[in-house]
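Asks: This structure is in structure tokens; I'll ask about it shortly.
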Number of protein chains: 2
Amino acid sequence: MSTLVDDPGAAPRGSLPTAAELARQLRIDVVRATAAAGAGHPTSGASAAELVAVLGLRHFRYDVDDPGHPGNDRFVLSKGHASTLQYAWLKAMGAIDDAELLTHARPGSRLEGHPRPLLPWVEVATGSLGQGVAAAVGIALSLRRLEGSPARVFVLCGDGELAEGSVWEAFEHAAHYGLDNLVVLVDVNRLGQSGPTMVASASGDTATYARRAEAFGWRAVEVDGHDVDAVDRALALAGRTDGRPLAIVAATEKGHGLGDVAGREGLHGRPLADPDAALALLGAHPEVSARPAAPPPVAARPRRRAPLRLPEYAVGDVVATRLAYGEALVALGAARDDVVVLDAETGNSTMSELFAVAHPDRYLEMFIAEQQMLAAATGLASRGWTPFAATFAAFTTRAFEFARMAAIGLAHGPAGVRLCGSHAGLSVGESGPSGMGLEDMACFRAVAGSAVLQPSDANQAAALVAELADRPGFSYLRTARGGVPVIYPPGESFPVGGSRLLRAGEGAGEGAGEGAGEGDGEGDALTIVGSGVTLHAALEAADRLAARGIGARVLDCYSVKPLDEAAVLAAARATGVVLTVEDHYPQGGLGSAVAEALAVAGVPARLTVLAVPGIPSAGPVAKLTAAAGLDADGVVAAALRALDAAVAGPEAGR
Amino acid sequence: MSTLVDDPGAAPRGSLPTAAELARQLRIDVVRATAAAGAGHPTSGASAAELVAVLGLRHFRYDVDDPGHPGNDRFVLSKGHASTLQYAWLKAMGAIDDAELLTHARPGSRLEGHPRPLLPWVEVATGSLGQGVAAAVGIALSLRRLEGSPARVFVLCGDGELAEGSVWEAFEHAAHYGLDNLVVLVDVNRLGQSGPTMVASASGDTATYARRAEAFGWRAVEVDGHDVDAVDRALALAGRTDGRPLAIVAATEKGHGLGDVAGREGLHGRPLADPDAALALLGAHPEVSARPAAPPPVAARPRRRAPLRLPEYAVGDVVATRLAYGEALVALGAARDDVVVLDAETGNSTMSELFAVAHPDRYLEMFIAEQQMLAAATGLASRGWTPFAATFAAFTTRAFEFARMAAIGLAHGPAGVRLCGSHAGLSVGESGPSGMGLEDMACFRAVAGSAVLQPSDANQAAALVAELADRPGFSYLRTARGGVPVIYPPGESFPVGGSRLLRAGEGAGEGAGEGAGEGDGEGDALTIVGSGVTLHAALEAADRLAARGIGARVLDCYSVKPLDEAAVLAAARATGVVLTVEDHYPQGGLGSAVAEALAVAGVPARLTVLAVPGIPSAGPVAKLTAAAGLDADGVVAAALRALDAAVAGPEAGR
């Protein structure tokens, strides 16, 4: 079933002395680069040296001087710990010089322990295992379905990382989308960090992996990964347009060619104890040049931009922010042809489905596979697209570690990935706590360079979708299930990092707008900070407090990260008492962001964090919201308690 | 390959009228329970009614009055949205009555939209798809390897959720461990929430899933899921001890038997528009009783407890907290036979390997599959074990959503799950940012009811391991790669929620201990809060500041959640200036926890959060730490800046 059909166009056995020489050279440079750093994974690089050598010399089509060439093949090192093998290859292809090779893992070097797009020849960041194939699915989707490019994507992955379920999500999606431009080379060296893999400890090895790949709809071939001719014949199958991705399952030896470390356990991630002995064994550096063949000519895509006409909602209408998300995506997709939308089989809830109908060529259904969804978005971003991915807020965190890696890979470029979590917080009601996203803001606030936005009405939601389209790095947008009144007129600006003061002083008007809430607020007793659905509870509470003669400022912190610290601090200084209200657990969300700002500034204000105090029950949303104290009644009660405490407390001076 | 071998012991076709009647009854009760709530997933329950009916009537061995019976079979509803089907079955088996059935999804009811162990007949919480099989692997491992019970685990999962990679992690692990006591019924109704599954949109359906299961080492049979005799013959294969888990891949129809909703798209998660019509079609309630057969007698395991003798480290020795983790687990395992250790193929780094050597029968290698690791721990906890699971801190968040679900399932019982992240923060150095866990505390602080602990020396680490052994819910322990000086004598107590004041006033002694740091601290100018490796930078900085005549308190907040708020507030009130130091991003970790405490209490102190400011480079740990300002030099500089600001700033009054 997975036997290799001889390719008459491939070189006969034993005819690739240069590939064997290049493999030897790659091993030499791997040993040198790891020895220079006193760190790295030489044995993991050595097992795949022939795979990379044959790929580089005979199959990879790439313009080294123009990494952005649209006809370039792409390479993803999913087993990122073998980075020095990729760096040695980059040296052989003339991308970097020997001096830079030896900067491996030094501070400031582009050659880190695991590859990142700091190097223009690296597509995505790897180093967290099981993510490379998934990101490559995004790249292959781009090349095949969106770019119309004949370029292929080659992934080198380890056998140990095939235990990560994300790899099988990727295998299923690649086959589902007919990505025969995707080739995964599996380096089956049988040894993980601490012992043999699951498959190695049973019988079968390459046959087992080949069977699994085939069961997921791939073409699979098994080869001796140190036989350059066999590898060559297998790679000759790349690009056959039979609709099936190709897995080349290569039996290898960890540390192959490096002397007595070969095939031994307990040496993962350790530079060689005696690199000179290995280098002596490997012989003189052959100085093979492996400049790849030129890529086929592919016309660069012209980017089309038309004026953006966002949907407009009338003030007072009741609209869900998730609907505005979907409608804004439709508008954005009409104005820009770089916008791509993904969803984890929840498009009729997140409202991604509106985009799927309007722009079906740029909608990618990712089914119930959140990790694959985010990895595909990252791969698409690496190809210049502007992806928006969505699922229920509760399930966004399934992909947390992929967001982490996206941020690491996107840190130095203009590209961005956007994740939208809908049905946030208690709003799933009867479904119960498993469907309630109450940790998402805490998680995604911790992603380096992230934005965390939570719109409070439909016009704001639409504006934030447009804002995020040009934001680099990782961004998270939190939308709500239920309808809320539109409070902002269409067409207003809501920059990332901003906020809106909606009530200030008794003289502040009810209407919103650029100039709303500009009363002097001298008489305000407290500030209520809301975001999303809780802003509406805050507004109602402020009205009720006003009826009792208590002035409450209301601040809409739609940008939870970055927080509009200046606005928060100004309100806190003016009122001395601050109440944050959020449909989220108390840790890490809006309340934490405000607490950080207040404490760091040393503002002597007293903060009350109103949040979901513990795991909720199931039930109607209104009842759950009331039980958590997050409706207007709860906010009023908390405000009165906070004001009492401020009067009584010795430390809440103004 | 996956055809069904007829079982001569099974009933002949058409001979199970009661099962068909029970299936009809289950549909009736599903319609009634969802209609009563105006919420739920009747069509998802209807597709699996025959599967559950045959299982319940003919194969499930269970003492309804004694859910804890060690011989009981176990049932996990991985497609948790079909909860009313399980509730209808529980009614049929006499566990709940009809009145309770109709409380489905009401506030305070045990019958939530997705099942939870609020009901004693529910093993683990489900509702986040793709987790049930993984948790069942933990239960099956317990029964087979740890309990020596002949009981089986039956899982009902959907076909849509097979897109989640975590399911394939579970399939691989189940086969690797030879769990032929595990049976997964796949309800292939072909329709997800928003459309057909990936497989349904290709050809093959049940054959495709069967092939995949077989490629992962399972026995697979395909059946018509509405043919009670076929289902019966398939289930008769359960418990054959051939070392292979069993997948019963059942072709079904979503909404089967409910009238015109059957097989239709767009009806997922919606109660029937006309339940009365469906009930009229279904006919009179047959009032079938489905009390299961009695479980086989299994002797209850006696629990063995011996005095705990934790490892002891001499003050001044340099020891890594991860080593203490491993050595403490060995000691805990010797004292208690309920301790089970899991690792994601990093045991030689996390030091779980010490337990694997000392107590190999209670060590479970989970390979590079963090989600499966945490799910298995949750399953083991449901069986009364005390699991500790570990991997690198960077990769703990791969399993975040499983920690979320663990917390939801464990919220009401004494059981707990513990996750340890080693090599936290910058300490992986040359590996670069992909290996740096800098978001873990933020994520796990947001898990409901969690503890987040970060020991600062080896004796404290060992004590905290022991503390966590009896803690319910989800707990996270963060250990470090490098050695740090032992500062606490052996044998001291470090309760969850505590802290240690290590320097206070110029008269405070250098030595640590119960009474250390009890100087009056009147002259202290600031408080430095550390945890883990940064505590040592804080101590050195305090010494240097003291040499300049500046008194600095040093507080060891080893319990980041729950934070020792009283101690933090007391120090902040006394000194007015607070500096937190953490090897973590600035959001959501130690600094946030302290900020929350200060702001909520309204303490007029000025906080400086020293943390890793952005994505680090790769390089030697010391250089990275210095670059982030987290070494003693950085802490001293930050302290001086904070003191200057406190003098200058208008709001940092003391």
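Naming works like this for the structure tokens: A, B, ... for the chains as they're shown, residue 1 at the start of each chain, ligands 1 onward in shown order.
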Name all residues at most 12 Å from Leu182 (chain B) (count only C-alpha atoms; drop same-chain ones fewer than 5 positions away) and give them as JSON, numbers by chain.

Replies: {"B": [73, 74, 75, 76, 132, 133, 134, 135, 136, 137, 138, 139, 140, 141, 142, 143, 144, 150, 151, 152, 153, 154, 155, 156, 170, 171, 173, 174, 175, 177, 218, 219, 235, 237, 238, 239, 240, 241, 242, 243, 244, 245, 246, 247, 248]}

Asks: Quick one: pick out all helix (DSSP H, G or I) residues within region 122-213 of chain B from a backbone DSSP run and write them as a PyMOL selection string.

Replies: chain B and resi 132-147+160-163+165-176+206-213

Asks: Please provide as a PyMOL selection string all residues within 10 Å of region 300-306 of chain B, with the sequence filter that same-chain residues fewer than 6 positions apart are discarded (counting only C-alpha atoms).

Replies: chain B and resi 68-71+146-149+332-338

Asks: Could you list the residues in chain B lying within 6 Å of chain A, using only C-alpha atoms, and format the result as number ranges by chain?

Replies: B: 105-107, 112-113, 127, 163-166, 168-169, 194, 211-212, 215, 345, 348, 368-369, 397-398, 401, 430-432, 434, 439, 443, 446, 587-588, 592, 595-596, 599-600, 602-608, 618-619, 651-652

Asks: Please determine, counting only C-alpha atoms, which residue among A:Val298, A:Cys420, A:Ala403, A:Ala35 has the shortest atom-to-atom distance to Asp343 (chain A).

Replies: A:Cys420

Asks: Give me, as a ChimeraX atom specification, all polymer residues having an atom no more than 9 Å from region 86-94 of chain B, counting only C-alpha atoms and skipping those fewer than 5 positions away in the same chain.

Replies: /B:22,25-30,33,45,52-53,56,64-65,77,80,100-101,104,111,115,121,287-292

Asks: So that I can check the secondary structure, give me every residue of region 315-371 of chain A assigned strand (DSSP E or B) by backbone DSSP, as a PyMOL selection string.

Replies: chain A and resi 318-320+336+339-343+363-365

Asks: Leaving out Ala320 (chain B) and any residue of its chain fewer than 6 positions from it, which residues lie within 10 Å of it when counting only C-alpha atoms, given as a VMD selection string?

Replies: chain B and resid 423 456 to 458 461 479 to 486 533

Asks: Mind writing the picked residues with N, CA, C and O atoms as a JSON list (two decimals), in the first residue's frame?

Replies:
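Saved as part25.json:
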[["chain", "number", "residue", "atom", "x", "y", "z"],
["B", 423, "HIS", "N", 11.13, 24.46, 33.72],
["B", 423, "HIS", "CA", 11.91, 25.30, 32.80],
["B", 423, "HIS", "C", 11.14, 26.58, 32.47],
["B", 423, "HIS", "O", 11.13, 27.04, 31.32],
["B", 456, "SER", "N", 10.37, 28.83, 45.50],
["B", 456, "SER", "CA", 11.60, 29.60, 45.40],
["B", 456, "SER", "C", 12.82, 28.83, 45.85],
["B", 456, "SER", "O", 13.94, 29.29, 45.66],
["B", 457, "ASP", "N", 12.63, 27.72, 46.48],
["B", 457, "ASP", "CA", 13.78, 26.85, 46.76],
["B", 457, "ASP", "C", 13.32, 25.41, 46.84],
["B", 457, "ASP", "O", 12.11, 25.11, 46.73],
["B", 458, "ALA", "N", 14.26, 24.51, 47.00],
["B", 458, "ALA", "CA", 13.98, 23.09, 46.89],
["B", 458, "ALA", "C", 13.12, 22.57, 48.04],
["B", 458, "ALA", "O", 12.21, 21.77, 47.83],
["B", 461, "ALA", "N", 9.69, 23.73, 47.39],
["B", 461, "ALA", "CA", 9.09, 22.98, 46.28],
["B", 461, "ALA", "C", 8.58, 21.63, 46.77],
["B", 461, "ALA", "O", 7.46, 21.21, 46.43],
["B", 479, "THR", "N", 8.01, 25.22, 38.16],
["B", 479, "THR", "CA", 9.38, 24.98, 38.64],
["B", 479, "THR", "C", 10.38, 25.56, 37.65],
["B", 479, "THR", "O", 10.05, 25.91, 36.52],
["B", 480, "ALA", "N", 11.62, 25.62, 38.12],
["B", 480, "ALA", "CA", 12.68, 26.28, 37.33],
["B", 480, "ALA", "C", 13.73, 25.28, 36.89],
["B", 480, "ALA", "O", 13.92, 24.23, 37.48],
["B", 481, "ARG", "N", 14.40, 25.65, 35.81],
["B", 481, "ARG", "CA", 15.43, 24.79, 35.27],
["B", 481, "ARG", "C", 16.71, 24.82, 36.11],
["B", 481, "ARG", "O", 17.25, 23.79, 36.46],
["B", 482, "GLY", "N", 17.17, 26.03, 36.42],
["B", 482, "GLY", "CA", 18.48, 26.17, 37.03],
["B", 482, "GLY", "C", 18.47, 26.03, 38.54],
["B", 482, "GLY", "O", 17.43, 26.19, 39.20],
["B", 483, "GLY", "N", 19.63, 25.76, 39.09],
["B", 483, "GLY", "CA", 19.74, 25.65, 40.53],
["B", 483, "GLY", "C", 19.69, 27.02, 41.21],
["B", 483, "GLY", "O", 20.18, 28.01, 40.66],
["B", 484, "VAL", "N", 19.09, 27.05, 42.37],
["B", 484, "VAL", "CA", 19.09, 28.26, 43.19],
["B", 484, "VAL", "C", 19.44, 27.85, 44.63],
["B", 484, "VAL", "O", 19.20, 26.70, 45.02],
["B", 485, "PRO", "N", 20.00, 28.77, 45.39],
["B", 485, "PRO", "CA", 20.38, 28.40, 46.77],
["B", 485, "PRO", "C", 19.16, 28.02, 47.60],
["B", 485, "PRO", "O", 18.11, 28.65, 47.50],
["B", 486, "VAL", "N", 19.33, 27.00, 48.39],
["B", 486, "VAL", "CA", 18.29, 26.63, 49.36],
["B", 486, "VAL", "C", 18.28, 27.70, 50.45],
["B", 486, "VAL", "O", 19.33, 28.02, 51.02],
["B", 533, "VAL", "N", 12.64, 31.93, 40.76],
["B", 533, "VAL", "CA", 14.03, 32.39, 40.58],
["B", 533, "VAL", "C", 14.18, 33.87, 40.90],
["B", 533, "VAL", "O", 15.26, 34.31, 41.34]]

Asks: Considering only C-alpha atoms, return as a list in words whatever protein or nucleic-acid residues lie within 9 Å of region 259-264 of chain A, sequence-local ones (same chain, fewer than 3 positions apart) excluded.

Replies: Thr43, Ala46, Ser47, Asn189, Arg190, Leu191, Glu253, Lys254, Gly255, His256, Leu267, Leu272, Ala277, Ala278, Leu281 and Leu282 of chain A

Asks: For Ala567 (chain A), please output as a compact mmCIF listing (two decimals) with all heavy atoms, in the first residue's frame all residues within 12 Å (counting only C-alpha atoms; exclusion window: fewer than 3 positions along the same chain).

Replies:
# COMPACT_ATOMS: atom_id res chain seq x y z
N GLY A 497 -6.60 50.63 21.78
CA GLY A 497 -5.99 51.39 22.86
C GLY A 497 -6.83 52.56 23.34
O GLY A 497 -6.45 53.27 24.26
N GLY A 498 -8.00 52.72 22.75
CA GLY A 498 -8.85 53.83 23.15
C GLY A 498 -9.93 53.43 24.14
O GLY A 498 -9.98 52.29 24.62
N SER A 499 -10.77 54.38 24.48
CA SER A 499 -11.93 54.13 25.36
C SER A 499 -12.94 55.22 25.06
O SER A 499 -12.67 56.15 24.30
CB SER A 499 -11.50 54.19 26.84
OG SER A 499 -11.18 55.53 27.20
N ARG A 500 -14.11 55.13 25.64
CA ARG A 500 -15.12 56.17 25.50
C ARG A 500 -15.73 56.48 26.86
O ARG A 500 -16.17 55.57 27.57
CB ARG A 500 -16.24 55.70 24.56
CG ARG A 500 -15.92 55.81 23.10
CD ARG A 500 -15.59 57.26 22.71
NE ARG A 500 -15.34 57.32 21.28
CZ ARG A 500 -16.30 57.59 20.40
NH1 ARG A 500 -17.54 57.84 20.80
NH2 ARG A 500 -16.02 57.62 19.11
N LEU A 501 -15.77 57.75 27.18
CA LEU A 501 -16.43 58.20 28.41
C LEU A 501 -17.88 58.52 28.06
O LEU A 501 -18.15 59.41 27.25
CB LEU A 501 -15.71 59.43 28.95
CG LEU A 501 -16.19 59.94 30.31
CD1 LEU A 501 -15.99 58.88 31.40
CD2 LEU A 501 -15.44 61.22 30.68
N LEU A 502 -18.79 57.77 28.65
CA LEU A 502 -20.19 57.86 28.23
C LEU A 502 -21.07 58.64 29.21
O LEU A 502 -22.14 59.09 28.86
CB LEU A 502 -20.77 56.47 28.06
CG LEU A 502 -20.23 55.71 26.85
CD1 LEU A 502 -20.78 54.31 26.84
CD2 LEU A 502 -20.60 56.43 25.57
N THR A 527 -16.51 55.82 39.25
CA THR A 527 -16.37 55.48 37.84
C THR A 527 -16.75 54.02 37.67
O THR A 527 -16.26 53.16 38.41
CB THR A 527 -14.92 55.67 37.38
OG1 THR A 527 -14.54 57.04 37.57
CG2 THR A 527 -14.75 55.28 35.91
N VAL A 529 -16.47 51.05 34.99
CA VAL A 529 -15.79 50.67 33.75
C VAL A 529 -16.43 49.39 33.23
O VAL A 529 -16.44 48.37 33.93
CB VAL A 529 -14.27 50.43 33.98
CG1 VAL A 529 -13.60 50.08 32.65
CG2 VAL A 529 -13.62 51.65 34.62
N ARG A 553 -19.50 58.20 36.60
CA ARG A 553 -18.93 58.17 35.27
C ARG A 553 -19.02 56.76 34.73
O ARG A 553 -18.89 55.79 35.47
CB ARG A 553 -17.45 58.54 35.30
CG ARG A 553 -17.21 59.94 35.69
CD ARG A 553 -15.77 60.32 35.45
NE ARG A 553 -15.64 61.73 35.75
CZ ARG A 553 -14.64 62.49 35.34
NH1 ARG A 553 -13.66 61.96 34.64
NH2 ARG A 553 -14.61 63.76 35.64
N VAL A 554 -19.21 56.65 33.44
CA VAL A 554 -19.18 55.33 32.81
C VAL A 554 -18.16 55.37 31.68
O VAL A 554 -18.24 56.21 30.77
CB VAL A 554 -20.56 54.94 32.26
CG1 VAL A 554 -20.47 53.58 31.53
CG2 VAL A 554 -21.58 54.85 33.39
N LEU A 555 -17.21 54.47 31.78
CA LEU A 555 -16.13 54.41 30.81
C LEU A 555 -16.24 53.09 30.04
O LEU A 555 -16.30 52.02 30.65
CB LEU A 555 -14.79 54.50 31.54
CG LEU A 555 -13.54 54.74 30.70
CD1 LEU A 555 -13.59 56.09 30.01
CD2 LEU A 555 -12.30 54.66 31.60
N ASP A 556 -16.29 53.20 28.72
CA ASP A 556 -16.33 52.01 27.87
C ASP A 556 -14.90 51.64 27.49
O ASP A 556 -14.30 52.26 26.61
CB ASP A 556 -17.16 52.32 26.61
CG ASP A 556 -17.14 51.17 25.60
OD1 ASP A 556 -16.64 50.07 25.93
OD2 ASP A 556 -17.63 51.39 24.46
N CYS A 557 -14.35 50.64 28.16
CA CYS A 557 -12.99 50.19 27.82
C CYS A 557 -13.11 49.04 26.84
O CYS A 557 -12.88 47.87 27.19
CB CYS A 557 -12.23 49.80 29.08
SG CYS A 557 -11.57 51.22 29.96
N SER A 559 -11.17 48.52 24.53
CA SER A 559 -9.81 48.01 24.33
C SER A 559 -9.26 47.58 25.68
O SER A 559 -8.76 48.39 26.45
CB SER A 559 -8.93 49.10 23.70
OG SER A 559 -7.62 48.60 23.45
N LEU A 563 -4.91 48.91 27.28
CA LEU A 563 -5.91 49.68 28.00
C LEU A 563 -5.65 51.17 27.81
O LEU A 563 -4.50 51.59 27.72
CB LEU A 563 -5.83 49.32 29.48
CG LEU A 563 -6.91 49.89 30.39
CD1 LEU A 563 -8.24 49.17 30.16
CD2 LEU A 563 -6.50 49.75 31.86
N ASP A 564 -6.70 51.94 27.75
CA ASP A 564 -6.54 53.40 27.70
C ASP A 564 -6.25 53.87 29.11
O ASP A 564 -7.13 54.33 29.84
CB ASP A 564 -7.82 54.04 27.16
CG ASP A 564 -7.65 55.54 26.92
OD1 ASP A 564 -6.64 56.11 27.39
OD2 ASP A 564 -8.53 56.12 26.28
N ALA A 570 -7.46 59.11 34.72
CA ALA A 570 -8.14 60.41 34.90
C ALA A 570 -9.46 60.22 35.63
O ALA A 570 -9.79 60.98 36.56
CB ALA A 570 -8.38 61.06 33.53
N ALA A 571 -10.20 59.20 35.23
CA ALA A 571 -11.49 58.95 35.88
C ALA A 571 -11.28 58.54 37.33
O ALA A 571 -12.02 58.96 38.24
CB ALA A 571 -12.26 57.88 35.11
N ALA A 572 -10.27 57.71 37.56
CA ALA A 572 -10.02 57.26 38.93
C ALA A 572 -9.59 58.40 39.82
O ALA A 572 -10.01 58.50 40.98
CB ALA A 572 -8.94 56.17 38.91
N ARG A 573 -8.75 59.27 39.26
CA ARG A 573 -8.32 60.43 40.06
C ARG A 573 -9.50 61.33 40.39
O ARG A 573 -9.61 61.88 41.48
CB ARG A 573 -7.26 61.23 39.29
CG ARG A 573 -5.92 60.54 39.22
CD ARG A 573 -4.88 61.40 38.47
NE ARG A 573 -3.61 60.69 38.41
CZ ARG A 573 -3.02 60.30 37.28
NH1 ARG A 573 -3.58 60.59 36.11
NH2 ARG A 573 -1.89 59.63 37.33
N ALA A 574 -10.39 61.46 39.44
CA ALA A 574 -11.51 62.37 39.64
C ALA A 574 -12.53 61.82 40.62
O ALA A 574 -13.15 62.58 41.37
CB ALA A 574 -12.18 62.66 38.30
N VAL A 594 -7.31 47.16 34.77
CA VAL A 594 -7.50 48.42 35.46
C VAL A 594 -6.68 48.45 36.75
O VAL A 594 -6.05 49.47 37.09
CB VAL A 594 -9.00 48.65 35.74
CG1 VAL A 594 -9.22 49.82 36.69
CG2 VAL A 594 -9.75 48.87 34.42
N ALA A 597 -3.13 49.28 36.00
CA ALA A 597 -2.94 50.71 35.69
C ALA A 597 -2.97 51.56 36.96
O ALA A 597 -2.12 52.44 37.15
CB ALA A 597 -4.01 51.17 34.71
N LEU A 598 -3.93 51.29 37.81
CA LEU A 598 -4.07 52.09 39.04
C LEU A 598 -2.87 51.90 39.96
O LEU A 598 -2.32 52.87 40.48
CB LEU A 598 -5.35 51.69 39.79
CG LEU A 598 -6.69 51.98 39.09
CD1 LEU A 598 -7.84 51.48 39.96
CD2 LEU A 598 -6.84 53.48 38.83

Asks: Can you measure CA of Leu185 (chain B) to CA of Gly158 (chain B) for me? One decimal in Å is fine.

Replies: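 Straight-line distance from CA of Leu185 (chain B) to CA of Gly158 (chain B) works out to 8.4 Å.
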
Asks: Could you work out how far CA of Leu57 (chain B) lies from CA of His285 (chain B), giving the answer in Å with one decimal?

Replies: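 Result for CA of His285 (chain B) versus CA of Leu57 (chain B): 16.9 Å, one decimal.
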